[in-house]
>>> print(open('structure-v5.txt').read())   # compact mmCIF, C-alpha atoms
# COMPACT_ATOMS: atom_id res chain seq x y z
CA MET A 1 -15.21 -7.15 -9.76
CA GLU A 2 -13.25 -8.78 -6.94
CA ASN A 3 -13.78 -7.44 -3.42
CA GLN A 4 -10.68 -5.73 -2.18
CA VAL A 5 -9.73 -6.06 1.48
CA LYS A 6 -9.69 -2.63 3.04
CA CYS A 7 -9.88 -0.94 6.38
CA PRO A 8 -13.34 -1.15 7.96
CA ARG A 9 -12.94 2.51 8.91
CA TYR A 10 -12.52 3.48 5.23
CA VAL A 11 -16.10 3.81 4.04
CA ASP A 12 -17.19 5.38 0.75
CA TYR A 13 -13.72 6.88 0.27
CA VAL A 14 -13.92 8.57 3.68
CA ARG A 15 -11.54 7.82 6.52
CA GLU A 16 -13.87 7.51 9.46
CA CYS A 17 -10.83 7.43 11.73
CA SER A 18 -10.32 11.11 10.88
CA PHE A 19 -13.45 11.88 12.89
CA HIS A 20 -11.60 10.72 16.03
CA ILE A 21 -7.94 11.49 15.39
CA ASP A 22 -6.06 13.86 13.09
CA THR A 23 -4.97 11.68 10.17
CA THR A 24 -3.54 14.56 8.18
CA SER A 25 -0.20 13.81 6.60
CA ARG A 26 1.76 15.58 3.93
CA ASP A 27 2.11 12.31 2.05
CA PHE A 28 -1.45 11.17 1.31
CA ASN A 29 -0.26 8.28 -0.87
CA THR A 30 1.76 6.81 2.00
CA THR A 31 -1.15 6.90 4.43
CA ILE A 32 -3.85 5.76 2.01
CA ARG A 33 -1.94 2.54 1.29
CA PHE A 34 -3.16 1.28 4.66
CA CYS A 35 -6.78 2.14 3.95
CA VAL A 36 -7.02 0.18 0.72
CA SER A 37 -5.18 -2.99 1.65
CA GLU A 38 -5.19 -5.80 4.15
CA ASN A 39 -2.23 -3.99 5.73
CA TYR A 40 -4.72 -1.67 7.48
CA ILE A 41 -4.20 -3.71 10.67
CA ASN A 42 -0.71 -2.15 10.88
CA CYS A 43 -1.97 1.41 10.48
CA PRO A 44 -1.22 3.44 13.63
CA PHE A 45 -4.60 5.18 13.40
CA PHE A 46 -6.52 1.91 13.12
CA ARG A 47 -4.49 0.35 15.93
CA TYR A 48 -5.05 3.35 18.21
CA LEU A 49 -8.80 3.38 17.63
CA ASP A 50 -8.90 -0.38 18.10
CA LYS A 51 -7.58 0.40 21.61
CA PRO A 52 -4.58 -1.82 22.15
CA LYS A 53 -4.11 -3.16 25.66
CA ALA A 54 -1.54 -0.47 26.36
CA TYR A 55 -0.90 2.79 24.59
CA CYS A 56 0.46 6.20 25.43
CA PRO A 57 -2.25 8.58 26.58
CA HIS A 58 -0.41 11.35 24.71
CA PHE A 59 -0.37 9.59 21.34
CA VAL A 60 -2.91 11.99 19.84
CA ASP A 61 -1.32 15.21 21.08
CA CYS A 62 2.40 14.33 21.21
CA ASP A 63 4.40 16.94 19.30
CA LEU A 64 6.91 14.35 18.12
CA CYS A 65 4.13 12.14 16.72
CA LYS A 66 2.63 15.14 14.97
CA TYR A 67 6.01 16.05 13.50
CA PHE A 68 6.73 12.57 12.15
CA LYS A 69 3.17 12.10 10.92
CA ASN A 70 3.55 15.16 8.71
CA LYS A 71 7.21 14.84 7.70
CA ASP A 72 8.06 11.13 7.68
CA PHE A 73 5.06 8.81 7.89
CA ASP A 74 7.22 5.69 7.87
CA GLY A 75 9.08 7.18 10.84
CA PHE A 76 5.72 7.80 12.50
CA ILE A 77 4.79 4.15 11.98
CA SER A 78 8.07 3.04 13.58
CA LEU A 79 7.57 5.43 16.49
CA ALA A 80 4.04 4.19 17.09
CA GLU A 81 5.04 0.52 16.84
CA ARG A 82 8.04 0.88 19.15
CA TRP A 83 6.73 3.28 21.77
CA CYS A 84 3.24 4.74 21.46
CA LEU A 85 1.04 1.70 20.96
CA THR A 86 2.79 -0.69 23.33
CA SER A 87 3.20 -0.99 27.07
CA ASP A 88 6.75 0.32 26.58
CA PHE A 89 5.36 3.86 26.40
CA ILE A 90 6.00 4.07 30.16
CA ASN A 91 9.73 4.01 29.34
CA CYS A 92 9.48 6.77 26.75
CA ALA A 93 11.64 9.70 27.84
CA ARG A 94 8.99 12.11 26.58
CA TYR A 95 6.28 10.42 28.63
CA VAL A 96 8.43 10.26 31.79
CA ARG A 97 9.57 13.87 31.43
CA GLY A 98 6.01 15.00 30.79
CA LEU A 99 4.89 13.59 34.13
CA ASN A 100 6.97 16.29 35.83
CA GLY A 101 6.71 19.23 33.46
CA PRO A 102 7.20 20.42 29.91
CA VAL A 103 8.88 18.20 27.33
CA PRO A 104 11.58 19.68 25.09
CA ASP A 105 10.67 19.54 21.40
CA ASN A 106 13.98 17.89 20.54
CA LEU A 107 13.65 14.97 23.01
CA TYR A 108 13.27 11.53 21.46
CA PRO A 109 11.59 8.60 23.21
CA ASP A 110 14.96 6.90 23.81
CA GLY A 111 16.21 9.99 25.69
CA THR A 112 18.49 11.36 23.01
CA GLU A 113 18.15 14.98 22.06
CA LEU A 114 18.42 16.38 18.57
CA LYS A 115 21.04 19.13 18.58
>>> encode(input="structure-v5.txt", output="structure tokens")
Amino acid sequence: MENQVKCPRYVDYVRECSFHIDTTSRDFNTTIRFCVSENYINCPFFRYLDKPKAYCPHFVDCDLCKYFKNKDFDGFISLAERWCLTSDFINCARYVRGLNGPVPDNLYPDGTELK
């Protein structure tokens, strides 16, 4: 049997990343595709635990990340790639607003608000 490239944090069918960050998603099939392929390097959970040079300190507890992770995992991936796991997190409207107080649930990183 050929060895399949898979995430080093996916051991014996267990996501070891889930010991450090909530990896729960409504769409298991979407998230598991990272674990069992060489594409694991693009997984937001793997990238976060691999500690990129810059990342949002609120990535784990951000309500918007939690929402997208459970409702639209591809949207969560885009959010993480664009804002959360880059140095651009300092320009995220949620991050900036959070420095001075509560963040509205409907505020997006680009500053737009869902009506």
>>> closest_residue(input="structure-v5.txt", among="A:Ile41, A:Ala80, A:Asp74, A:Cys17", to="Ala54 in chain A", atoms="only C-alpha atoms")
A:Ala80
>>> atom_distance(input="structure-v5.txt", atom1="CA of His20 in chain A", atom2="CA of Cys56 in chain A")
15.9 Å
>>> atom_distance(input="structure-v5.txt", atom1="CA of Leu79 in chain A", atom2="CA of Asp63 in chain A")
12.3 Å
>>> residues_around(input="structure-v5.txt", residues="Tyr108 in chain A", least_positions_apart="5", cutoff="7 Å", atoms="only C-alpha atoms", output="list in words")
Ala93, Arg94 and Glu113 of chain A
>>> axis_aligned_box(input="structure-v5.txt", around="range 61-69 of chain A", padding_each_side="8 Å", output="AutoDock Vina command-line options")
--center_x 2.8 --center_y 14.5 --center_z 16.1 --size_x 24.2 --size_y 20.8 --size_z 26.3
>>> atom_distance(input="structure-v5.txt", atom1="CA of Thr24 in chain A", atom2="CA of Cys43 in chain A")
13.4 Å
>>> residues_around(input="structure-v5.txt", residues="Tyr10 in chain A", least_positions_apart="6", cutoff="10 Å", atoms="only C-alpha atoms", output="PyMOL selection string")
chain A and resi 16-18+32+34-36+40
>>> closest_residue(input="structure-v5.txt", among="A:Cys7, A:Gly98, A:Ile77, A:Asp12", to="Glu38 in chain A", atoms="all atoms listed in the file")
A:Cys7
